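Everything below concerns the one structure shown next.
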Amino acid sequence: MQAIGKNVRRIDAVAKVRGQAKYVDDLTTKDVLVAKVFRSTIANGWVKRIDTSKAAALPGVEAVVTYEDVPKHTFPTAGHPYTKDPEHQDVADRNLLTRRVRFYGDEIAAVVAVDEFTAEQALKLIEVEYEEYEPILTAEDALKEGAVEIHQGTKNIIDHTGYELGDVAAAFAGADYIFEDEFKTSIVQHCQLENHISYAYVESDGRIVIITSTQIPHIVRRIAGQALGVPWGKIRVIKPCVGGGFGSRQDVVQEPLNAFLSLTVHGRPVKLEYSREECMIASRVRHAIDFKIKTGVKKDGTIVARELQAISLNGGYASHGHAVVSNAGAKFSHLYPYNASKFDATTVYTTAPVAGAMRGYGIPQVTFAVESHLDDIARSLGLDPIEFRLKNLVQQGYVDPLSGIRVDSCGIRECIARGKELIRWDEKKAQGKGNTAPAERGRPQLKKEQTGTVRRGLGMACFSYTSGTHPVGLEIAGARLVLNQDGSVQLQIGAAEIGQGSDTVFAQMTAETIGIPVEMVHVLSTQDTDLTPFDTGAYASRQTYISGMAVVKAAEEIKARVLNYASGMTGIPAGSMDIINAMLVHKHNGEQIISLADVALDSYYDRDSASPITADVSNNARINALSFGCTFAEVEVDLATCKVEVLKIYNVHDAGRIINPQLAEAQIHGGVSMGLGYALSEQLLFDPKTGKPLNNNLLDYKLPTVMDIPEISTSFVETYEPSGPYGCKSLGETPAISPAPAIRNAILDATGIKFNELPINPHSLFKKFKEAGLL
Amino acid sequence: MYNITKYYEAHSVREAIELLQANPKARLIAGGSDLLIKMHQGKIEAAELISIHNLPEISGISLEPDGTIIIGAGTTFSQIANHPVIKEHIPVLAEAVETIGGPQVRNVGTIGGNICNGSTSSDTAPTLFASNAGLRIQGASGTRVIEITDFYQGPGRVDLQHDEVLTAVLLSTDNYRGFAGHYIKYSMRKAMDIATLGCAVVCKITVQAVIEDFRLAFGVAAPTPVRCRKTETMVKGRTFSEELLLEVGKSAVAEVNPRTSWRASREFRLHLVEELSKRAFKQAFIRAGGKLQ
Amino acid sequence: MMTKKITMRVNGREVVVEVDIRESLLEVLRGRLNLKGVKKGCSVGECGACTVLINGEPIDSCIYLAVWTDGKEIRTIEGEETGGKLSKLQQAFVDEGAVQCGFCTPGFIMSARALLDSGKKLTRQDIIKGLSGNMCRCTGYQNIIRAVERAIEDKV
């Protein structure tokens, strides 16, 4: 392997360190107009009256539109592949602008002006009167009898589904112990550094061009078409560099409105950029989910039955809606599958910001509940939490009855062993740095109790995660390769580089497959629905695995064509040649025959046989693979100050074969730091009386700074996933999944206190320590 | 673009005062790290500004012959943190300003702005309260000096007339010489954050570990920064001990009045008052040369 | 509209601009001087994406009025390279994998530049503190710290 498994430098790094990488706002033209959205200052209600005349009269204002001016039909926004089956299409519950206000900051009107300042001033001149209802911020309020319907005819329920595997009632009846508990997660936001931004204009031929910072250019095209009611081919979407996504851009948040506003001003270019404050409430957030969990266990620690009920709080519009909690349910049984299990989930509308996709898609939430609950059970039974898990973990060869996904590579046990060793689990446990709580139900008193203000604890948690969305979603990816005259290739992919490094690993796969150095692969990083092949985009940790399949397929085709062409030139059978380091060689002895550059040049210019070599493939991957891993954490809790310091954190992964260790490690660093924020500090807050967001800015929303993040240690247990290109599996979202429960379990170990709600911040520590008499 | 309707640059304090007199709605801007954010947030609209940004007359730090340290109101937090006079004579102030924001904000934010915005969460106020800092205020009719403890009148309200300019912060020798101190900022993040509670202790001890002088001040423990005078009186003349620490914590709680907001509850802040006063005292005592038993 | 003609040195070159007194330095650098490497992330001086050096000190250009730069020396990411060649600091960011989405990168490099130019002997803790006004959501900061450490080792 000359390119796979190597620390190839990111192909976009040089442009980025020079400040030359072009993001949306770096590409707008001088004549661009600026749009701003007029947002509601109530969370729930109706616009009784709106007067935009003063705004329209302000010099420099080009247009003011309200809900009265937009198309009457609704459209969906979730970044899912389209489905022809109306039963499975995403909920279409949005108009471009709305009279019915469904969260604080909902979009009522918009202004287009010559510059940002004028647009902002115009917003202040819009007069509006509301009929206001109570905000609905909890599941109880959404579902109570007589609750105001946020969307008519829904009873505030987006969907309600469930499943049962095996005879759950009988299995519980046969259990020696039954444990029940409740867990809650909170609303957090992606906080990618680049805010949501797009700009749109209309070409002379009537085609609408949208340049946008998105994870899903091809889906934006389709949804913009749906929203505007125009044929999809009339829309062209261009994605330049993207300043982070994490799921917030796996949604069509602003592009249709932007295109509509450009149409309103006769096709002139219009930029729509959200401020940070807007971005944090009016793009997407992660679902807060309330869980009830019940587990039946035998005396020896075998889990025989599990039941999970979940209510997912979705905010004012459906977006990804029920798919998120449904994903949590579908995968809740993957890691510990050998028992009867039951799942029941409801997704409800609330008058909070719209929840959509965010790194892990329901799995960080359910993993917090499950992995915390497992530690509690182990503690109650006096079992070692690791042994307890090992007893129940999935084995290679397991086939998930719900999805048909088969576990063909499974390094979870090795991951646990590695994590244990790295953090020196046994040694520290023996030293008694851990748990101090009174023994429950026969727990062996191995360690001396900690009595001081500052206590240490160890915790761990496991995860599993899919690679892409099959069989729920279509997994189609496209790649196009062109062999240049000098033997280099251009790679065009529909998959979106959003910072995760996919372009670089695609270059590595291409180089490896063809047999050329990575520098000879030129990746077109801009996705343009007119130019780059169809791919559904960057989400579900699918790109290296799914889009990688298309890339490898295209590269294999190029290689085969090169060898065929060279065979015509040299008379040597294609099958007995290979390409090594851009040189065609004899397969049997490696002797050089002709350079790839010579073959390429010939393919362009030979008078008789010229036929430039290209490949254009699409791959419909009807397969999936599970990644595994775990987090081990050591914390120090200062009871008196209610602060948790994470001393050590190890995030260990079985992501199959690692294509680029440096990028993979960096991906983990980011995911773990997001997991640390999720565990300890991040939470969007709302005034319960008005539904107004309280901290939608980077001062008050506690995104960790460099001083808040401990050293993050990573490790890989490399397996080979037969279905993945070069043996790889998902890694994009997985690092963010298990830190929160691992830290929670470490805090439990240190203090004996169970924290069943996220985040575990000083406020909640204070409350719980007080209740427990520790303060 | 900021909604600035009028903009003047003052080249001297005198000119700033004249501009203030001529423009009854205008306000001063120095570093901008507070004011411009409030304008962005819409808390201040259509502002008329008189810029005293980088005004040499009010920036810099000097040590007067009588030992008084004069910190120009326009001195930035970074300048204070790195200044040899501060580091040598009142390092607790350097410690306090280092907790503000991040490097970028410390490079523009000024001590004068931090005081004049009247916020109880000011990270300089507790230390300045504990150090009995004087404020030199210049107006049309002359200059006056008042103690910082009298300057704060309520949340966002300070004893500063429209046509007055805070020009300097004064620290006299009897308020820093022989003292050691510690400032603890309790916040949810280790940088880029607002204090949930700020606690400053400065003290002076004898060789026998008797507390000769002791001052305790808080930010965010009341509508304005506060001193805990009763606690201070109680401590003075006593010998340092763990029991004394406990008494200080309890006594401080009785002297403050924090409120519940979405940022933190009153109960939590009271708990922090008790805990941080102990910790700050202990550290200040050690820095003053005290030895723990 | 009030304007003021100001003269500043930007990346070593003298620039004369007629700025609107309402403009932030960020707006002038991006909008008038076409220095698009300076990024806008929050507009309130929290994220540090717009960090530039003024007279060698990092500041958030979003909360700095452009009129204030009259007579000052400004340095942006565009001034970090020499003759098209990356500085060792930039190279260290590339080599250590400190770049992901890249939106925070210019701001981090400017903060790191100020640290390196301070002439102080820097501990890891000094570096961390020096970078604490810049936020990143992709990297967990790990490789950024490493990159700055490496640039120090390489004596830029």
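Convention: chains lettered A, B, ... in structure tokens order; per-chain residue numbering from 1; ligands numbered from 1 as shown.
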Task: Residues of chain C within 8 Å of chain A, counting only C-alpha atoms, as JSON, numbers by chain - done: {"C": [36, 37, 38, 40, 41, 42, 43, 46, 47, 49, 77, 78, 80, 81, 86, 90, 91, 93, 94, 95, 97, 98, 99, 100, 101, 102, 103, 104, 105, 106, 109, 128, 129, 131, 132, 133, 134, 135, 136, 137, 138, 139, 140, 141, 142, 143]}
Task: Backbone DSSP call of strand (DSSP E or B) for segment 43-97 of chain B, listed as a PyMOL selection string - done: chain B and resi 47-51+61-63+69-72+76
- [ ] Just the residues within 10 Å of Thr351 of chain A, please, counting only C-alpha atoms, with nothing from its chain fewer than 6 positions along; format it as JSON, numbers by chain.
- [x] {"A": [42, 43, 44, 45, 101, 102, 103, 104, 106, 134, 135, 136, 137, 138, 142, 150, 313, 314, 315, 316, 317, 691, 692]}
TODO: Kindly determine which residues of chain C lie within 10 Å of chain B, considering only C-alpha atoms, and give the answer as a PyMOL selection string.
DONE: chain C and resi 1-3+20-28+43-48+51-54+57-65+67-68+111+129-135
- [ ] Could you tell me, as an MDAnalysis selection string, which residues of segment 515-681 of chain A DSSP assigns to helix (DSSP H, G or I) when given the backbone?
- [x] chainID A and resid 518:520 543:570 574:576 596:605 661:680
What does the file look like for those residues with C-alpha atoms, as a short mmCIF file (atom, residue, chain, number, x, y, z; two decimals), in the first residue's frame?
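Listed below is the output, result16.cif:
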data_model
loop_
_atom_site.label_atom_id
_atom_site.label_comp_id
_atom_site.auth_asym_id
_atom_site.auth_seq_id
_atom_site.Cartn_x
_atom_site.Cartn_y
_atom_site.Cartn_z
CA VAL A 518 -1.38 11.05 -4.49
CA GLU A 519 0.01 14.28 -5.95
CA MET A 520 -1.14 13.10 -9.37
CA GLN A 543 -18.52 9.38 2.63
CA THR A 544 -15.33 7.35 3.06
CA TYR A 545 -17.33 4.14 3.09
CA ILE A 546 -20.10 4.79 0.55
CA SER A 547 -18.64 7.46 -1.73
CA GLY A 548 -15.31 5.70 -1.41
CA MET A 549 -16.86 2.69 -3.12
CA ALA A 550 -17.73 4.84 -6.14
CA VAL A 551 -14.26 6.37 -6.19
CA VAL A 552 -12.57 2.98 -6.12
CA LYS A 553 -14.90 1.71 -8.82
CA ALA A 554 -14.08 4.66 -11.07
CA ALA A 555 -10.36 4.27 -10.41
CA GLU A 556 -10.54 0.57 -11.23
CA GLU A 557 -12.21 1.43 -14.52
CA ILE A 558 -9.52 3.97 -15.34
CA LYS A 559 -6.83 1.46 -14.57
CA ALA A 560 -8.46 -1.21 -16.71
CA ARG A 561 -8.80 1.21 -19.60
CA VAL A 562 -5.20 2.36 -19.28
CA LEU A 563 -3.99 -1.22 -19.34
CA ASN A 564 -6.20 -1.99 -22.33
CA TYR A 565 -5.00 1.04 -24.17
CA ALA A 566 -1.38 0.25 -23.33
CA SER A 567 -1.92 -3.27 -24.50
CA GLY A 568 -2.83 -1.80 -27.88
CA MET A 569 0.35 0.23 -27.82
CA THR A 570 2.71 -2.50 -26.63
CA ALA A 574 -3.56 -6.08 -20.31
CA GLY A 575 -3.87 -8.82 -17.76
CA SER A 576 -0.14 -9.22 -17.38
CA LEU A 596 1.55 6.19 -17.60
CA ALA A 597 2.26 9.68 -18.98
CA ASP A 598 3.22 8.19 -22.34
CA VAL A 599 0.08 6.11 -22.44
CA ALA A 600 -2.00 9.13 -21.47
CA LEU A 601 -0.44 11.37 -24.10
CA ASP A 602 -1.02 8.74 -26.72
CA SER A 603 -4.64 8.38 -25.66
CA TYR A 604 -5.20 12.05 -26.42
CA TYR A 605 -3.23 12.55 -29.59
CA PRO A 661 -4.32 8.01 10.48
CA GLN A 662 -3.59 11.69 10.89
CA LEU A 663 -6.97 12.77 9.56
CA ALA A 664 -8.71 10.00 11.46
CA GLU A 665 -7.09 11.07 14.69
CA ALA A 666 -8.00 14.70 14.05
CA GLN A 667 -11.58 13.66 13.41
CA ILE A 668 -11.63 11.96 16.80
CA HIS A 669 -10.20 15.00 18.56
CA GLY A 670 -13.04 17.11 17.24
CA GLY A 671 -15.70 14.55 18.03
CA VAL A 672 -14.47 13.98 21.55
CA SER A 673 -14.31 17.70 22.24
CA MET A 674 -17.89 17.97 21.03
CA GLY A 675 -18.72 15.05 23.32
CA LEU A 676 -17.03 16.83 26.22
CA GLY A 677 -19.14 19.92 25.61
CA TYR A 678 -22.25 17.74 25.39
CA ALA A 679 -21.37 16.07 28.68
CA LEU A 680 -20.35 19.03 30.74
#
Task: Counting only C-alpha atoms, chain B residues within 12 Å of chain A, as JSON, numbers by chain - done: {"B": [1, 2, 3, 4, 37, 40, 41, 42, 45, 46, 99, 101, 102, 184, 185, 186, 187, 188, 189, 190, 191, 192, 193, 194, 195, 196, 197, 260, 261, 262, 263, 264, 265, 266, 267, 268, 269, 270, 271, 272, 273, 274, 275, 276, 277, 278, 279]}
Next, write the just-selected residues to a file, as a PDB file, in the first residue's frame, keeping C-alpha atoms as the atom set.
ATOM      1  CA  MET B   1     -21.725  48.050  10.194  1.00  0.00           C
ATOM      2  CA  TYR B   2     -22.537  49.641  13.510  1.00  0.00           C
ATOM      3  CA  ASN B   3     -25.433  51.977  13.851  1.00  0.00           C
ATOM      4  CA  ILE B   4     -23.313  54.977  14.728  1.00  0.00           C
ATOM      5  CA  ILE B  37     -21.056  44.187  21.391  1.00  0.00           C
ATOM      6  CA  HIS B  40     -24.445  44.463  17.779  1.00  0.00           C
ATOM      7  CA  GLN B  41     -26.977  42.967  20.171  1.00  0.00           C
ATOM      8  CA  GLY B  42     -29.294  45.922  19.681  1.00  0.00           C
ATOM      9  CA  GLU B  45     -29.168  51.739  19.033  1.00  0.00           C
ATOM     10  CA  ALA B  46     -28.283  54.746  16.936  1.00  0.00           C
ATOM     11  CA  THR B  99      -9.184  36.198  33.614  1.00  0.00           C
ATOM     12  CA  GLY B 101     -12.097  37.210  27.850  1.00  0.00           C
ATOM     13  CA  GLY B 102      -9.193  36.060  25.746  1.00  0.00           C
ATOM     14  CA  ILE B 184     -10.836  33.803  41.856  1.00  0.00           C
ATOM     15  CA  LYS B 185     -13.110  34.056  38.874  1.00  0.00           C
ATOM     16  CA  TYR B 186     -15.698  31.348  38.915  1.00  0.00           C
ATOM     17  CA  SER B 187     -17.069  30.811  35.451  1.00  0.00           C
ATOM     18  CA  MET B 188     -18.410  28.022  33.304  1.00  0.00           C
ATOM     19  CA  ARG B 189     -15.419  28.110  30.979  1.00  0.00           C
ATOM     20  CA  LYS B 190     -11.765  28.768  31.615  1.00  0.00           C
ATOM     21  CA  ALA B 191     -11.655  31.542  29.030  1.00  0.00           C
ATOM     22  CA  MET B 192     -14.067  33.775  27.117  1.00  0.00           C
ATOM     23  CA  ASP B 193     -16.571  33.872  29.904  1.00  0.00           C
ATOM     24  CA  ILE B 194     -18.438  36.098  32.257  1.00  0.00           C
ATOM     25  CA  ALA B 195     -17.990  35.554  35.984  1.00  0.00           C
ATOM     26  CA  THR B 196     -20.637  33.537  37.764  1.00  0.00           C
ATOM     27  CA  LEU B 197     -18.940  34.933  40.819  1.00  0.00           C
ATOM     28  CA  THR B 260     -31.227  34.220  40.627  1.00  0.00           C
ATOM     29  CA  SER B 261     -30.867  34.538  36.891  1.00  0.00           C
ATOM     30  CA  TRP B 262     -30.693  32.022  34.123  1.00  0.00           C
ATOM     31  CA  ARG B 263     -26.938  32.167  34.475  1.00  0.00           C
ATOM     32  CA  ALA B 264     -27.015  30.856  38.048  1.00  0.00           C
ATOM     33  CA  SER B 265     -29.282  30.587  41.027  1.00  0.00           C
ATOM     34  CA  ARG B 266     -28.955  32.691  44.143  1.00  0.00           C
ATOM     35  CA  GLU B 267     -28.382  29.517  46.167  1.00  0.00           C
ATOM     36  CA  PHE B 268     -25.515  28.418  43.982  1.00  0.00           C
ATOM     37  CA  ARG B 269     -23.928  31.848  44.098  1.00  0.00           C
ATOM     38  CA  LEU B 270     -24.255  31.922  47.882  1.00  0.00           C
ATOM     39  CA  HIS B 271     -22.587  28.563  48.039  1.00  0.00           C
ATOM     40  CA  LEU B 272     -19.761  29.921  45.893  1.00  0.00           C
ATOM     41  CA  VAL B 273     -19.454  33.008  48.078  1.00  0.00           C
ATOM     42  CA  GLU B 274     -18.779  30.776  51.040  1.00  0.00           C
ATOM     43  CA  GLU B 275     -16.433  28.435  49.218  1.00  0.00           C
ATOM     44  CA  LEU B 276     -14.472  30.965  47.206  1.00  0.00           C
ATOM     45  CA  SER B 277     -13.966  33.348  50.091  1.00  0.00           C
ATOM     46  CA  LYS B 278     -12.265  30.525  51.977  1.00  0.00           C
ATOM     47  CA  ARG B 279     -10.141  29.563  49.020  1.00  0.00           C
TER      48      ARG B 279
END
Open item on the list: When you look at segment 143-148 of chain B with a cut-off of 8 Å (counting only C-alpha atoms), what residues show up, excluding the ones that are within fewer than 2 positions of it in the same chain? I need them as a ChimeraX atom specification.
Closed with: /B:128-129,132-139,141,150-152
Open item on the list: Could you tell me how far atom CA of Thr52 of chain A sits from atom CA of Leu123 of chain A, in Å to one decimal place?
Closed with: 8.8 Å
Task: d(atom CA of Ile613 of chain A, atom CA of Leu483 of chain A) in Å - done: 5.5 Å
Open item on the list: Restricting the calculation to only C-alpha atoms: of A:Ser186, A:Gln254, A:Asn620, A:Gln683, which residue gets closest to Gly362 of chain A?
Closed with: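 For Gly362 of chain A, the nearest of the candidates is A:Ser186.
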- [ ] Would you kindly return, as an MDAnalysis selection string, each protein, DNA or RNA residue with an atom no farther than 9 Å from any atom of Tyr274 of chain A, considering only C-alpha atoms and excluding same-chain residues fewer than 3 positions away?
- [x] chainID A and resid 36:37 195:197 277:279 282:283
Those residues with C-alpha atoms, as a PDB file, in the first residue's frame please?
ATOM      1  CA  LYS A  36     -32.360  39.715   6.145  1.00  0.00           C
ATOM      2  CA  VAL A  37     -35.135  37.737   7.718  1.00  0.00           C
ATOM      3  CA  ASN A 195     -22.590  30.617   9.923  1.00  0.00           C
ATOM      4  CA  HIS A 196     -25.296  29.584   7.497  1.00  0.00           C
ATOM      5  CA  ILE A 197     -24.865  31.508   4.309  1.00  0.00           C
ATOM      6  CA  GLU A 277     -27.493  34.496  17.006  1.00  0.00           C
ATOM      7  CA  GLU A 278     -29.811  33.522  14.157  1.00  0.00           C
ATOM      8  CA  CYS A 279     -27.788  30.480  13.273  1.00  0.00           C
ATOM      9  CA  ALA A 282     -32.959  29.250  13.176  1.00  0.00           C
ATOM     10  CA  SER A 283     -30.754  26.646  11.574  1.00  0.00           C
TER      11      SER A 283
END
- [ ] Name the closest residue to Tyr726 of chain A among the candidates A:Pro59, A:Gly773, A:Gly5, A:Gly452; distances are taken between atoms, counting only C-alpha atoms.
- [x] A:Gly5
